[in-house]
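*Asks:* Just passing along the structure, written as structure tokens.
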Amino acid sequence: MLYIIEDMINGVLMGSIYGLTAMGLTIIFGVLKVINFAHGSLLMVGMYATYWAITLTGVHPYLALAMVIPAMFIFGYYLQAIVIKPIFIAEKNVREPITVIIVTTGIWYILDNLALLVFGPQYRSLADNPLKGKMLEVGGMFVSQPKLFGFITAIITASTIHWFLQKTVMGRAIRATSMDREAASLMGINQYRIYNVAFGIGAATTGIAAVTLLPFYNVFPTVGVLFDIKCFIIVVLGGLGSISGALLGGIIIGLIESVGPQFMTATWTEAIVYGLFLLVLFVKPSGLFGQKHDW
Amino acid sequence: MNHQHFNKVMIVGLLVAAFALPLVVRSATYMHILVLLLFYAYLTTSWNIVGGFAGVLPLGHAAFVGIGAYTSTILSLQYGVSPWLGMLVGGVLATIAGVIIGLPTLKMRGAYFALATIAFAEGFRVMVENIDYIGPLKLNGPRGLQIPPLETGLTSFMFATKEPYYYIILVMLLAVMLLTYIISRSKLGYYLIAGGEEPEAAMALGVNVARARLIAMAVSSFLTALAGTFYAQFSLYIHPKSIISLDMSFEIAFIALIGGRGSIIGPLLGAMLLRPVSDFCRIYFGDTLPGMHLIIFGLVLIFVMYYQPRGLQEPLSRMYQRLFTRKTLATTGR
């Protein structure tokens with residue numbers, strides 16, 4: 001019994017980190033209405049940025065946040081402004097911008113393979129890692145410390161973004177654009193700048209996820225692909241555009257992955273996740289918590 | 001010499017060249033590259049029926065390749081059924097799978113449909129990787145299936161040289177291109193294109209968009225599965241990671257998008273442009289610059305989307321048109 005509770009706790013912790021990785025995707029979708037297929041690559045870029053920030057400066061793994069968040073924001077902002085925006089302008093009258101999806105797929109392939117070219121295929125983990133394998137013992141159960149920190153970070157990040165979107169002027173502008181681009185433009189909001197900012201925030205959030213992942217995860221050029229599909233599943237599960245939905249969707253996936261192996265071969269849990277995803281897609285495509293205008 | 005006449009001469013000339021090519025190309029490596037080129041052109045042309053005309057973005061076609069490859073291989077390994085028959089069985093199974101996956105998803109918006117097809121293909125791969133046996137059928141899980149060499153010949157779909165494979169896939173490609181041409185001229189084709197461009201408007205005019213898409217999906221998955229059997233017989237080894245891979249699904253879509261989705265010649269053009277890039281990058285930069293061809297793919301994809309969202313077939317056919325006009329002017333002496 002204790003095992004199952006322990007698995008569940010670890011599942012919730014890992015799941016919240018999954019949710020954190022998916023949060024950037026859901027933010028970008030909420031505003032741009034485009035699934036960013038390069039999301040996993042953003043995570044990969046964030047993880048390499050974190051890795052090098054920590055390795056070169058020797059700071060504590062979590063202090064890398066101070067460098068990675070602004071770096072990723074700028075990266076995301078200009079990726080949207082330079083590469084994706086021209087397509088948006090060209091496809092202004094198309095409601096279903098499939099071309100944008102395709103361009104993000106191109107970005108995915110370029111970024112992943114550039115990383116392979118520059119950093120090589122080897123798996124890297126932090127050499128001097130104060131958090132490595134640290135466990136917290138609670139009543140005979142062991143909980144991974146970096147995952148617990150990840151859980152806390154995920155909650156803080158979600159609430160910060162929520163506060164930002166609800167209370168600040170920029171947040172209001174973002175929500176207005178996500179609800180109705182034309183109306184927002186008429187109110188004097190530059191929708192393309194909002195897209196840039198939203199992409200930047202999405203990338204920065206993904207950077208936070210990268211920092212929380214690195215203390216217990218390897219970084220390698222295709223690390224994003226492992227999370228890519230998972231993130232897609234999480235955001236659809238939770239409802240595209242919903243931040244709390246992403247967190248809850250992540251926790252559901254985390255629980256399936258951690259408790260599932262008690263009852264079946266571990267690799268089967270992956271099939272269950274895909275099955276659940278297709279089920280949600282068929283039965284309730286708006287997701288568990290998605291509404292038309294979630295925020 | 002009028003317009004149509006010239007086009008006919010061109011087509012016949014290209015066909016003769018395509019059939020004569022193995023007489024010129026003697027190297028097995030180049031033949032291998034050519035066979036794979038045609039294989040991808042075939043896959044992309046099949047993909048194009050649903051991904052091009054219907055205006056949706058399926059990103060899981062590797063699942064159908066897998067269904068085709070596994071069905072014919074299992075049938076021939078365990079029951080001695082000729083791969084040609086297994087090919088058709090695989091096609092039927094893939095059609096059923098395509099309809100099942102298409103029924104609920106084809107009504108969805110673009111992004112959802114793309115995600116659903118990815119999840120379907122990945123879920124299918126994970127299942128094949130985890131199943132060693134379905135009842136009496138041996139799938140062999142992640143280790144895949146090896147096809148032991150039998151006597152070569154047309155009935156066993158196994159040949160010692162690459163030339164027969166080349167002709168088989170060439171004929172398959174020509175057949176599917178002809179089919180695409182017929183579809184594009186048919187009512188179904190018009191329905192698909194109308195539904196792809198303006199679904200609401202098409203529905204308002206009484207076009208059953210969902211039904212047209214479903215038919216396209218069924219045809220496309222059937223044809224894609226046939227290529228799976230071909231691939232299994234060509235490489236004599238299939239395993240889930242290579243044959244049901246996301247990379248393959250994406251490469252098919254990439255070729256179609258770069259060549260020109262929704263055109264008949266686009267997929268072949270895309271394959272002719274991209275496959276050599278990836279093969280030669282692998283041969284020459286494989287060790288020093290891994291992943292180089294994928295960077296090129298990505299860059300080409302983005303630039304094509306910028307400047308020629310309808311694919312490279314458009315400027316190229318315009319160029320051909322212009323070249324042709326000058327020629328007729330010269331011959332008629334005007």
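A note on labels: chains of the structure tokens are A, B, ... as shown, every chain counts residues from 1, and ligands are counted from 1 in their shown order.
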Define the interface residues of chain B facing chain A as those within 6 Å, counting only C-alpha atoms, and report them as a list in words.

*Replies:*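 Only these qualify: Pro104, Ala119, Gly123, Val126, Gly291, Ile295, Gly298 and Ile302 of chain B.
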
*Asks:* Applying 9 Å and only C-alpha atoms, which residues near B:Phe64 remain after dropping the ones on its own chain fewer than 5 positions away? List them as a ChimeraX atom specification.

*Replies:* /B:69,90-91,93-95,97-98,121,221-228,244

*Asks:* Give me a file of those residues, with C-alpha atoms, as an mmCIF file, in the first residue's frame.

*Replies:*
data_model
loop_
_atom_site.group_PDB
_atom_site.id
_atom_site.type_symbol
_atom_site.label_atom_id
_atom_site.label_comp_id
_atom_site.auth_asym_id
_atom_site.auth_seq_id
_atom_site.Cartn_x
_atom_site.Cartn_y
_atom_site.Cartn_z
ATOM 1 C CA ALA B 69 4.491 -4.279 -43.817
ATOM 2 C CA GLY B 90 -2.685 -5.177 -45.420
ATOM 3 C CA GLY B 91 -4.320 -2.546 -47.582
ATOM 4 C CA LEU B 93 -6.703 -3.592 -42.767
ATOM 5 C CA ALA B 94 -5.134 -0.155 -43.183
ATOM 6 C CA THR B 95 -8.314 1.110 -44.806
ATOM 7 C CA ALA B 97 -7.808 1.607 -39.466
ATOM 8 C CA GLY B 98 -7.908 4.767 -41.562
ATOM 9 C CA ALA B 121 0.688 6.384 -35.108
ATOM 10 C CA SER B 221 -4.419 4.555 -46.154
ATOM 11 C CA PHE B 222 -5.037 1.626 -48.501
ATOM 12 C CA LEU B 223 -2.414 2.858 -50.946
ATOM 13 C CA THR B 224 0.053 3.704 -48.192
ATOM 14 C CA ALA B 225 -0.159 0.190 -46.778
ATOM 15 C CA LEU B 226 0.755 -1.295 -50.170
ATOM 16 C CA ALA B 227 4.040 0.590 -49.961
ATOM 17 C CA GLY B 228 4.599 -0.973 -46.534
ATOM 18 C CA ILE B 244 6.288 3.174 -37.810
#

*Asks:* Applying 10 Å and only C-alpha atoms, which residues near stretch 71-80 of chain A remain after dropping the ones on its own chain fewer than 5 positions away? List them as JSON, numbers by chain.

*Replies:* {"A": [42, 43, 45, 46, 49, 65, 66, 85, 86, 87, 88, 104, 107, 192, 193, 194, 195, 196, 197, 198, 199, 200, 201, 202, 203, 204, 205, 206, 207, 208]}

*Asks:* Output C-alpha atoms of each residue in that selection to a file, as an mmCIF file, in the first residue's frame.

*Replies:*
data_model
loop_
_atom_site.group_PDB
_atom_site.id
_atom_site.type_symbol
_atom_site.label_atom_id
_atom_site.label_comp_id
_atom_site.auth_asym_id
_atom_site.auth_seq_id
_atom_site.Cartn_x
_atom_site.Cartn_y
_atom_site.Cartn_z
ATOM 1 C CA LEU A 42 12.449 25.130 -27.031
ATOM 2 C CA LEU A 43 12.746 22.852 -24.014
ATOM 3 C CA VAL A 45 17.370 24.844 -26.028
ATOM 4 C CA GLY A 46 16.405 25.769 -22.471
ATOM 5 C CA ALA A 49 21.212 26.949 -21.877
ATOM 6 C CA LEU A 65 16.821 30.640 -13.539
ATOM 7 C CA ALA A 66 18.061 34.224 -13.385
ATOM 8 C CA LYS A 85 5.462 36.539 -37.966
ATOM 9 C CA PRO A 86 5.957 36.861 -41.758
ATOM 10 C CA ILE A 87 3.849 33.734 -42.246
ATOM 11 C CA PHE A 88 1.129 35.124 -40.029
ATOM 12 C CA THR A 104 7.215 25.444 -36.498
ATOM 13 C CA ILE A 107 12.084 25.122 -36.705
ATOM 14 C CA TYR A 192 1.888 40.900 -33.713
ATOM 15 C CA ARG A 193 3.726 42.402 -30.760
ATOM 16 C CA ILE A 194 1.379 40.494 -28.475
ATOM 17 C CA TYR A 195 2.262 37.328 -30.367
ATOM 18 C CA ASN A 196 5.939 38.070 -29.834
ATOM 19 C CA VAL A 197 5.421 38.631 -26.125
ATOM 20 C CA ALA A 198 3.248 35.534 -25.766
ATOM 21 C CA PHE A 199 5.852 33.449 -27.563
ATOM 22 C CA GLY A 200 8.512 34.947 -25.336
ATOM 23 C CA ILE A 201 6.552 34.117 -22.192
ATOM 24 C CA GLY A 202 5.913 30.617 -23.513
ATOM 25 C CA ALA A 203 9.614 30.105 -24.166
ATOM 26 C CA ALA A 204 10.569 31.570 -20.775
ATOM 27 C CA THR A 205 8.120 29.222 -19.036
ATOM 28 C CA THR A 206 9.669 26.346 -20.931
ATOM 29 C CA GLY A 207 13.043 27.626 -19.731
ATOM 30 C CA ILE A 208 11.823 27.378 -16.125
#

*Asks:* Hey, what's within 12 Å of B:Trp84 if we count only C-alpha atoms and toss same-chain stuff fewer than 3 positions away? As a list in words, please?

*Replies:*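 Surrounding residues, per the criterion: Gly68, Ala69, Thr71, Ser72, Thr73, Leu75, Ser76, Gly80, Val81, Met87, Leu88, Val89, Gly90, Gly91, Gly153, Leu154, Thr155, Ser156, Phe157, Met158, Ile168, Leu226, Ala227, Gly228, Thr229, Phe230, Ala232 and Gln233 of chain B.
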
*Asks:* So which residues touch B:Phe53 within 9 Å, counting only C-alpha atoms, skipping near sequence neighbours fewer than 6 positions away, as a list of chain:residue names?

*Replies:*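 The residues that qualify are B:Ser184, B:Gly189, B:Tyr190, B:Leu192, B:Ile193, B:Ala194, B:Gly195, B:Gly196, B:Arg213, B:Ala216, B:Arg261, B:Gly262, B:Ser263.
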
*Asks:* Give me, as a compact mmCIF listing (two decimals) with N, CA and C atoms, in the first residue's frame, all polymer residues having an atom no more than 12 Å from A:Met170, counting only C-alpha atoms and skipping those fewer than 3 positions away in the same chain.

*Replies:*
# COMPACT_ATOMS: atom_id res chain seq x y z
N ILE A 161 1.83 33.39 -13.69
CA ILE A 161 1.29 33.66 -15.04
C ILE A 161 -0.17 34.06 -14.92
N TRP A 163 -1.65 35.50 -12.41
CA TRP A 163 -1.69 36.88 -11.90
C TRP A 163 -1.35 37.86 -13.00
N PHE A 164 -0.29 37.54 -13.76
CA PHE A 164 0.16 38.43 -14.84
C PHE A 164 -0.96 38.65 -15.85
N LEU A 165 -1.61 37.58 -16.24
CA LEU A 165 -2.64 37.69 -17.27
C LEU A 165 -3.88 38.41 -16.76
N GLN A 166 -4.17 38.25 -15.47
CA GLN A 166 -5.39 38.86 -14.94
C GLN A 166 -5.20 40.33 -14.56
N LYS A 167 -4.01 40.67 -14.04
CA LYS A 167 -3.89 41.96 -13.38
C LYS A 167 -3.09 43.01 -14.14
N ALA A 173 -4.01 42.80 -22.43
CA ALA A 173 -3.86 42.88 -23.89
C ALA A 173 -3.71 41.48 -24.48
N ILE A 174 -2.97 40.63 -23.78
CA ILE A 174 -2.78 39.26 -24.28
C ILE A 174 -4.12 38.53 -24.27
N ARG A 175 -4.87 38.68 -23.18
CA ARG A 175 -6.16 37.98 -23.12
C ARG A 175 -7.10 38.50 -24.20
N ALA A 176 -7.07 39.81 -24.40
CA ALA A 176 -7.96 40.39 -25.42
C ALA A 176 -7.61 39.82 -26.79
N THR A 177 -6.31 39.75 -27.09
CA THR A 177 -5.89 39.22 -28.40
C THR A 177 -6.30 37.77 -28.55
N ILE A 189 -4.41 47.53 -29.95
CA ILE A 189 -3.38 46.56 -29.55
C ILE A 189 -2.68 46.07 -30.81
N ASN A 190 -1.36 46.12 -30.79
CA ASN A 190 -0.59 45.60 -31.91
C ASN A 190 -0.52 44.09 -31.76
N GLN A 191 -1.35 43.37 -32.53
CA GLN A 191 -1.47 41.92 -32.29
C GLN A 191 -0.17 41.17 -32.51
N ARG A 193 2.86 42.24 -31.93
CA ARG A 193 3.73 42.40 -30.76
C ARG A 193 3.25 41.50 -29.62
N ILE A 194 1.92 41.39 -29.50
CA ILE A 194 1.38 40.49 -28.48
C ILE A 194 1.81 39.06 -28.75
N TYR A 195 1.80 38.68 -30.03
CA TYR A 195 2.26 37.33 -30.37
C TYR A 195 3.71 37.15 -29.93
N VAL A 197 5.33 38.70 -27.58
CA VAL A 197 5.42 38.63 -26.12
C VAL A 197 4.92 37.27 -25.63
N ALA A 198 3.79 36.82 -26.20
CA ALA A 198 3.25 35.53 -25.77
C ALA A 198 4.24 34.42 -26.06
N ILE A 201 6.96 34.65 -23.50
CA ILE A 201 6.55 34.12 -22.19
C ILE A 201 6.49 32.59 -22.25

*Asks:* Can you pull out every residue from stretch 75-270 of chain B that DSSP, working from the backbone, puts in helix (DSSP H, G or I), and format the result as a PyMOL selection string?

*Replies:* chain B and resi 75-79+83-105+110-130+141-143+163-185+187-197+199-204+209-235+240-243+246-259+266-270

*Asks:* Output the selection as a CSV table (one decimal), in the first residue's frame - C-alpha atoms for each residue.

*Replies:*
chain,number,residue,atom,x,y,z
B,75,LEU,CA,1.1,-13.8,-43.5
B,76,SER,CA,4.1,-14.9,-45.7
B,77,LEU,CA,6.3,-16.0,-42.8
B,78,GLN,CA,3.8,-18.0,-40.9
B,79,TYR,CA,1.2,-19.1,-43.5
B,83,PRO,CA,3.3,-11.1,-50.2
B,84,TRP,CA,1.2,-9.9,-53.2
B,85,LEU,CA,-1.9,-11.3,-51.5
B,86,GLY,CA,-0.7,-10.1,-48.1
B,87,MET,CA,-0.3,-6.6,-49.7
B,88,LEU,CA,-4.0,-6.5,-50.4
B,89,VAL,CA,-4.9,-7.8,-47.0
B,90,GLY,CA,-2.7,-5.2,-45.4
B,91,GLY,CA,-4.3,-2.5,-47.6
B,92,VAL,CA,-7.8,-3.6,-46.4
B,93,LEU,CA,-6.7,-3.6,-42.8
B,94,ALA,CA,-5.1,-0.2,-43.2
B,95,THR,CA,-8.3,1.1,-44.8
B,96,ILE,CA,-10.3,-0.1,-41.8
B,97,ALA,CA,-7.8,1.6,-39.5
B,98,GLY,CA,-7.9,4.8,-41.6
B,99,VAL,CA,-11.7,4.9,-41.5
B,100,ILE,CA,-11.8,4.2,-37.7
B,101,ILE,CA,-9.3,7.0,-37.0
B,102,GLY,CA,-10.8,9.3,-39.7
B,103,LEU,CA,-14.4,9.1,-38.6
B,104,PRO,CA,-14.1,11.1,-35.4
B,105,THR,CA,-11.1,13.2,-36.3
B,110,GLY,CA,-6.3,21.3,-38.6
B,111,ALA,CA,-4.2,21.2,-35.5
B,112,TYR,CA,-6.4,18.6,-33.7
B,113,PHE,CA,-6.4,16.3,-36.7
B,114,ALA,CA,-2.6,16.5,-36.9
B,115,LEU,CA,-2.2,15.7,-33.2
B,116,ALA,CA,-4.8,12.9,-33.4
B,117,THR,CA,-2.9,11.2,-36.3
B,118,ILE,CA,0.4,11.6,-34.5
B,119,ALA,CA,-1.1,10.0,-31.3
B,120,PHE,CA,-2.6,7.2,-33.4
B,121,ALA,CA,0.7,6.4,-35.1
B,122,GLU,CA,2.8,6.6,-31.9
B,123,GLY,CA,0.2,4.6,-29.9
B,124,PHE,CA,0.3,2.0,-32.7
B,125,ARG,CA,4.1,1.9,-32.6
B,126,VAL,CA,4.2,1.5,-28.8
B,127,MET,CA,1.7,-1.3,-29.1
B,128,VAL,CA,3.6,-3.2,-31.7
B,129,GLU,CA,6.8,-2.7,-29.6
B,130,ASN,CA,5.1,-4.3,-26.6
B,141,GLY,CA,7.8,-6.9,-30.3
B,142,PRO,CA,10.7,-4.4,-30.5
B,143,ARG,CA,13.0,-6.9,-32.2
B,163,GLU,CA,16.2,-3.5,-60.8
B,164,PRO,CA,12.9,-5.5,-60.3
B,165,TYR,CA,12.1,-3.5,-57.2
B,166,TYR,CA,12.7,-0.4,-59.2
B,167,TYR,CA,10.2,-1.4,-61.8
B,168,ILE,CA,7.6,-2.6,-59.3
B,169,ILE,CA,7.7,0.7,-57.4
B,170,LEU,CA,7.8,2.7,-60.6
B,171,VAL,CA,4.7,1.0,-61.9
B,172,MET,CA,3.0,1.5,-58.5
B,173,LEU,CA,3.9,5.2,-58.5
B,174,LEU,CA,2.6,5.7,-62.0
B,175,ALA,CA,-0.6,3.9,-61.1
B,176,VAL,CA,-1.2,6.0,-58.0
B,177,MET,CA,-0.3,9.2,-59.9
B,178,LEU,CA,-2.9,8.2,-62.6
B,179,LEU,CA,-5.4,7.6,-59.8
B,180,THR,CA,-4.7,11.0,-58.3
B,181,TYR,CA,-5.3,12.5,-61.7
B,182,ILE,CA,-8.6,10.7,-62.1
B,183,ILE,CA,-9.6,11.7,-58.5
B,184,SER,CA,-8.7,15.3,-59.1
B,185,ARG,CA,-11.0,15.4,-62.2
B,187,LYS,CA,-16.7,14.9,-58.3
B,188,LEU,CA,-14.9,13.6,-55.3
B,189,GLY,CA,-11.8,15.6,-56.1
B,190,TYR,CA,-13.8,18.8,-56.5
B,191,TYR,CA,-15.6,18.1,-53.2
B,192,LEU,CA,-12.3,17.6,-51.5
B,193,ILE,CA,-10.7,20.7,-52.8
B,194,ALA,CA,-13.8,22.8,-52.0
B,195,GLY,CA,-13.9,21.3,-48.5
B,196,GLY,CA,-10.2,21.9,-48.1
B,197,GLU,CA,-10.4,25.6,-49.0
B,199,PRO,CA,-15.4,23.9,-45.5
B,200,GLU,CA,-18.3,26.1,-44.5
B,201,ALA,CA,-19.0,27.4,-47.9
B,202,ALA,CA,-18.7,23.9,-49.4
B,203,MET,CA,-21.1,22.5,-46.8
B,204,ALA,CA,-23.5,25.3,-47.4
B,209,VAL,CA,-17.2,17.4,-46.7
B,210,ALA,CA,-16.7,14.9,-43.9
B,211,ARG,CA,-17.8,12.0,-46.2
B,212,ALA,CA,-15.5,13.1,-49.0
B,213,ARG,CA,-12.6,13.4,-46.6
B,214,LEU,CA,-13.3,10.0,-45.2
B,215,ILE,CA,-13.2,8.4,-48.7
B,216,ALA,CA,-10.0,10.2,-49.4
B,217,MET,CA,-8.6,8.9,-46.0
B,218,ALA,CA,-9.6,5.3,-46.9
B,219,VAL,CA,-8.1,5.4,-50.3
B,220,SER,CA,-4.9,7.1,-49.0
B,221,SER,CA,-4.4,4.6,-46.2
B,222,PHE,CA,-5.0,1.6,-48.5
B,223,LEU,CA,-2.4,2.9,-50.9
B,224,THR,CA,0.1,3.7,-48.2
B,225,ALA,CA,-0.2,0.2,-46.8
B,226,LEU,CA,0.8,-1.3,-50.2
B,227,ALA,CA,4.0,0.6,-50.0
B,228,GLY,CA,4.6,-1.0,-46.5
B,229,THR,CA,4.6,-4.4,-48.1
B,230,PHE,CA,7.0,-3.2,-50.8
B,231,TYR,CA,9.3,-1.8,-48.2
B,232,ALA,CA,9.3,-5.0,-46.2
B,233,GLN,CA,10.1,-7.1,-49.3
B,234,PHE,CA,12.8,-4.6,-50.3
B,235,SER,CA,14.6,-4.3,-47.0
B,240,PRO,CA,8.6,-0.9,-35.3
B,241,LYS,CA,11.1,1.9,-34.6
B,242,SER,CA,12.0,2.2,-38.3
B,243,ILE,CA,8.8,1.5,-40.1
B,246,LEU,CA,7.4,9.6,-36.6
B,247,ASP,CA,10.3,10.7,-38.7
B,248,MET,CA,8.8,8.8,-41.7
B,249,SER,CA,5.4,10.3,-41.2
B,250,PHE,CA,7.0,13.8,-41.1
B,251,GLU,CA,9.2,13.2,-44.0
B,252,ILE,CA,6.2,12.2,-46.2
B,253,ALA,CA,4.4,15.4,-45.2
B,254,PHE,CA,7.6,17.5,-45.7
B,255,ILE,CA,8.1,16.1,-49.3
B,256,ALA,CA,4.5,16.8,-50.1
B,257,LEU,CA,4.6,20.3,-48.7
B,258,ILE,CA,7.8,21.3,-50.4
B,259,GLY,CA,6.9,19.7,-53.7
B,266,GLY,CA,4.2,17.9,-56.6
B,267,PRO,CA,5.0,14.8,-54.5
B,268,LEU,CA,7.2,13.3,-57.2
B,269,LEU,CA,8.9,16.7,-57.6
B,270,GLY,CA,9.4,17.0,-53.8

*Asks:* Could you tell me how far atom CA of B:Met305 sits from atom CA of B:Ile33, in Å to one decimal place?

*Replies:*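 For atom CA of B:Ile33 relative to atom CA of B:Met305, the distance reads 26.8 Å.
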
*Asks:* Atom CA of A:Leu240 to atom CA of A:Ala81: how many Å, to one decimal?

*Replies:* 22.7 Å

*Asks:* With distances taken over only C-alpha atoms, which of A:Leu288, A:Leu213, A:Met14, A:Leu255 is nearest to A:Pro61?

*Replies:*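 Selected residue with least distance to A:Pro61: A:Leu213.
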
*Asks:* Hey, which of A:Pro215, A:Phe227, A:Ser185, A:Ile28 ends up closest to A:Ser144? Count only C-alpha atoms.

*Replies:* A:Pro215
